[in-house]
Amino acid sequence: MLYFYHGQEDYLMETELHKLKDKLVDKSFLSTNYRVYDNPKFAELMDILRTPSLMFGSILAVISCEKYFFDTKGKINFDDKEIKQIEETIQTIPDTLNIVFVCKIERESTKKIDTRRKLYKILTKYATVTEFPEWKPYSKELPSWIQKQAKQKDLIMASDVTQFLIERLGNNLRIINAELDKLKLAIYPTKAVKKEDIQNVCTSTEDIFVLTDYILKGDKDKALLEFQKLCTNKHYLEILAVLQTNFAKLASIKVDSVNKSPFEIASKNHLPEFIVKKQLEKLKKVPMDRLIQIRKNLLEAEYRVKTGEMSF
């Protein structure tokens, strides 16, 4: 059986791979029948596709294949002859051999798989294809997923509480799942989660949106406190990178607000109009030169950390 998983939501992808492993691979032979490969070149790929049947159950081979589809360092290309051999071999894969091609795309990335590539057409022709797109904070799937996860953990969350959790944590499913576990322990034996619980328990998380607001308001004490909390489970360079992204978006919205309506800005940035209006309200009293200066400060901080001039 052939599978092709691709997309930005790596947590859901890994969850699906785990389910597949539990379903297909006998735990007694996990060390031999579960195999992981990192962008194998043609010769190794052919060896994987030609793995002979074994007496001891099914094999699951997981192949990371980002270098097959993106112009990255070490990009791997297959010529027409190799592509033909790959397709012919795929058609003769034995029933006991299960192969998953996995193409992970960076979160918040604009990268897209080149669907014109011959390998992509082969995989979509013969494989079971599943896309794992990154859910946006306003997507309908996100609240449903959170409530489903909460139910599995024997927690009860009203819709307004779920929305509050999203506002606090963003859309990183891995972090949300971990915070739900923390909430379960913190409110035991109670099952119903309240907004106050989220505010008290989920402060040391990826709550960079709150940090962004503190910086915008010029509230340095709260901004520093929030930054310290975030650093307990997040690398400071990653926090700085997300802050740069946030302020780049805010600057873009501020510039566009001069001659574009909230609806036009929302369409350009692929955001709901109500979120754009909310951001414009925050930016009303923030001059453009302040946004530029904040971005310069963030870039300088990142440079000083990377060169060793500054440490945390």
# chains A, B, ... in the order shown; residues from 1 in each chain; ligands from 1
$ select_by_dssp --residues "range 14-151 of chain A" --states "helix (DSSP H, G or I)" --output "MDAnalysis selection string"
chainID A and resid 14:24 27:33 42:49 66:69 80:90 118:126 141:151
$ residues_around --residues "range 140-148 of chain A" --least-positions-apart "6" --cutoff "10 Å" --atoms "only C-alpha atoms" --output "JSON, numbers by chain"
{"A": [134, 154, 155, 156, 157, 158, 159, 160, 161, 162, 163, 165, 166, 171, 172, 173, 176, 177, 180]}
$ closest_residue --among "A:Lys118, A:Arg168, A:Lys278, A:Lys306" --to "Tyr236 in chain A" --atoms "only C-alpha atoms"
A:Lys306
$ closest_residue --among "A:Cys202, A:Ile86, A:Thr96, A:Phe101" --to "Lys67 in chain A" --atoms "only C-alpha atoms"
A:Phe101
$ closest_residue --among "A:Asp79, A:Glu131, A:Glu196, A:Ser58" --to "Ile113 in chain A" --atoms "only C-alpha atoms"
A:Glu131
$ residues_around --residues "Val258 in chain A" --least-positions-apart "6" --cutoff "12 Å" --atoms "only C-alpha atoms" --output "list in words"
Ala251, Ser252, Glu264, Ile265, Leu280, Lys284 and Met288 of chain A
$ residues_around --residues "Tyr3 in chain A" --least-positions-apart "5" --cutoff "9 Å" --atoms "only C-alpha atoms" --output "PyMOL selection string"
chain A and resi 98-102+123-124+126-130
$ decode --residues "range 156-223 of chain A" --atoms "C-alpha atoms" --output "PDB file, in the first residue's frame"
ATOM      1  CA  ILE A 156     -15.636  19.959  29.209  1.00  0.00           C
ATOM      2  CA  MET A 157     -15.138  23.193  27.278  1.00  0.00           C
ATOM      3  CA  ALA A 158     -17.860  25.616  26.234  1.00  0.00           C
ATOM      4  CA  SER A 159     -17.514  27.272  22.837  1.00  0.00           C
ATOM      5  CA  ASP A 160     -16.549  30.666  24.305  1.00  0.00           C
ATOM      6  CA  VAL A 161     -13.889  28.992  26.476  1.00  0.00           C
ATOM      7  CA  THR A 162     -12.539  27.172  23.420  1.00  0.00           C
ATOM      8  CA  GLN A 163     -12.314  30.462  21.529  1.00  0.00           C
ATOM      9  CA  PHE A 164     -10.511  32.057  24.480  1.00  0.00           C
ATOM     10  CA  LEU A 165      -7.982  29.204  24.421  1.00  0.00           C
ATOM     11  CA  ILE A 166      -7.356  29.853  20.710  1.00  0.00           C
ATOM     12  CA  GLU A 167      -6.857  33.564  21.364  1.00  0.00           C
ATOM     13  CA  ARG A 168      -4.340  32.743  24.094  1.00  0.00           C
ATOM     14  CA  LEU A 169      -2.411  29.945  22.372  1.00  0.00           C
ATOM     15  CA  GLY A 170      -2.820  30.475  18.639  1.00  0.00           C
ATOM     16  CA  ASN A 171      -3.160  27.526  16.252  1.00  0.00           C
ATOM     17  CA  ASN A 172      -0.224  25.259  17.116  1.00  0.00           C
ATOM     18  CA  LEU A 173      -1.979  21.922  17.737  1.00  0.00           C
ATOM     19  CA  ARG A 174       1.002  20.354  19.474  1.00  0.00           C
ATOM     20  CA  ILE A 175       1.102  23.139  22.064  1.00  0.00           C
ATOM     21  CA  ILE A 176      -2.687  23.189  22.466  1.00  0.00           C
ATOM     22  CA  ASN A 177      -2.731  19.444  23.156  1.00  0.00           C
ATOM     23  CA  ALA A 178       0.047  19.798  25.752  1.00  0.00           C
ATOM     24  CA  GLU A 179      -1.785  22.671  27.457  1.00  0.00           C
ATOM     25  CA  LEU A 180      -4.989  20.643  27.634  1.00  0.00           C
ATOM     26  CA  ASP A 181      -3.023  17.997  29.535  1.00  0.00           C
ATOM     27  CA  LYS A 182      -1.802  20.683  31.926  1.00  0.00           C
ATOM     28  CA  LEU A 183      -5.332  21.991  32.386  1.00  0.00           C
ATOM     29  CA  LYS A 184      -6.623  18.516  33.214  1.00  0.00           C
ATOM     30  CA  LEU A 185      -4.080  18.156  36.014  1.00  0.00           C
ATOM     31  CA  ALA A 186      -4.549  21.702  37.289  1.00  0.00           C
ATOM     32  CA  ILE A 187      -8.354  21.644  37.662  1.00  0.00           C
ATOM     33  CA  TYR A 188      -8.743  17.995  38.825  1.00  0.00           C
ATOM     34  CA  PRO A 189     -11.221  16.728  39.986  1.00  0.00           C
ATOM     35  CA  THR A 190     -13.241  19.407  38.166  1.00  0.00           C
ATOM     36  CA  LYS A 191     -13.900  18.687  34.491  1.00  0.00           C
ATOM     37  CA  ALA A 192     -15.313  21.965  33.192  1.00  0.00           C
ATOM     38  CA  VAL A 193     -12.584  24.340  32.004  1.00  0.00           C
ATOM     39  CA  LYS A 194     -13.102  28.042  32.680  1.00  0.00           C
ATOM     40  CA  LYS A 195     -11.445  31.064  31.124  1.00  0.00           C
ATOM     41  CA  GLU A 196      -9.748  31.803  34.448  1.00  0.00           C
ATOM     42  CA  ASP A 197      -8.179  28.331  34.368  1.00  0.00           C
ATOM     43  CA  ILE A 198      -6.718  29.004  30.937  1.00  0.00           C
ATOM     44  CA  GLN A 199      -5.440  32.392  32.038  1.00  0.00           C
ATOM     45  CA  ASN A 200      -3.793  30.931  35.147  1.00  0.00           C
ATOM     46  CA  VAL A 201      -2.436  27.673  33.724  1.00  0.00           C
ATOM     47  CA  CYS A 202      -1.584  28.555  30.114  1.00  0.00           C
ATOM     48  CA  THR A 203       0.537  31.657  30.672  1.00  0.00           C
ATOM     49  CA  SER A 204       3.890  29.994  29.996  1.00  0.00           C
ATOM     50  CA  THR A 205       3.033  29.057  26.414  1.00  0.00           C
ATOM     51  CA  GLU A 206       3.289  30.339  22.901  1.00  0.00           C
ATOM     52  CA  ASP A 207       1.246  33.376  23.845  1.00  0.00           C
ATOM     53  CA  ILE A 208       3.253  35.712  21.654  1.00  0.00           C
ATOM     54  CA  PHE A 209       0.101  37.569  20.621  1.00  0.00           C
ATOM     55  CA  VAL A 210      -0.182  38.916  24.171  1.00  0.00           C
ATOM     56  CA  LEU A 211       3.509  39.858  24.143  1.00  0.00           C
ATOM     57  CA  THR A 212       2.976  41.661  20.828  1.00  0.00           C
ATOM     58  CA  ASP A 213       0.151  43.701  22.370  1.00  0.00           C
ATOM     59  CA  TYR A 214       2.272  44.664  25.385  1.00  0.00           C
ATOM     60  CA  ILE A 215       5.072  45.851  23.088  1.00  0.00           C
ATOM     61  CA  LEU A 216       2.583  47.846  20.993  1.00  0.00           C
ATOM     62  CA  LYS A 217       1.234  49.537  24.118  1.00  0.00           C
ATOM     63  CA  GLY A 218       4.751  50.278  25.343  1.00  0.00           C
ATOM     64  CA  ASP A 219       4.120  48.337  28.549  1.00  0.00           C
ATOM     65  CA  LYS A 220       7.742  47.271  29.065  1.00  0.00           C
ATOM     66  CA  ASP A 221       7.321  45.620  32.487  1.00  0.00           C
ATOM     67  CA  LYS A 222       4.517  43.305  31.341  1.00  0.00           C
ATOM     68  CA  ALA A 223       6.307  42.642  28.032  1.00  0.00           C
TER      69      ALA A 223
END
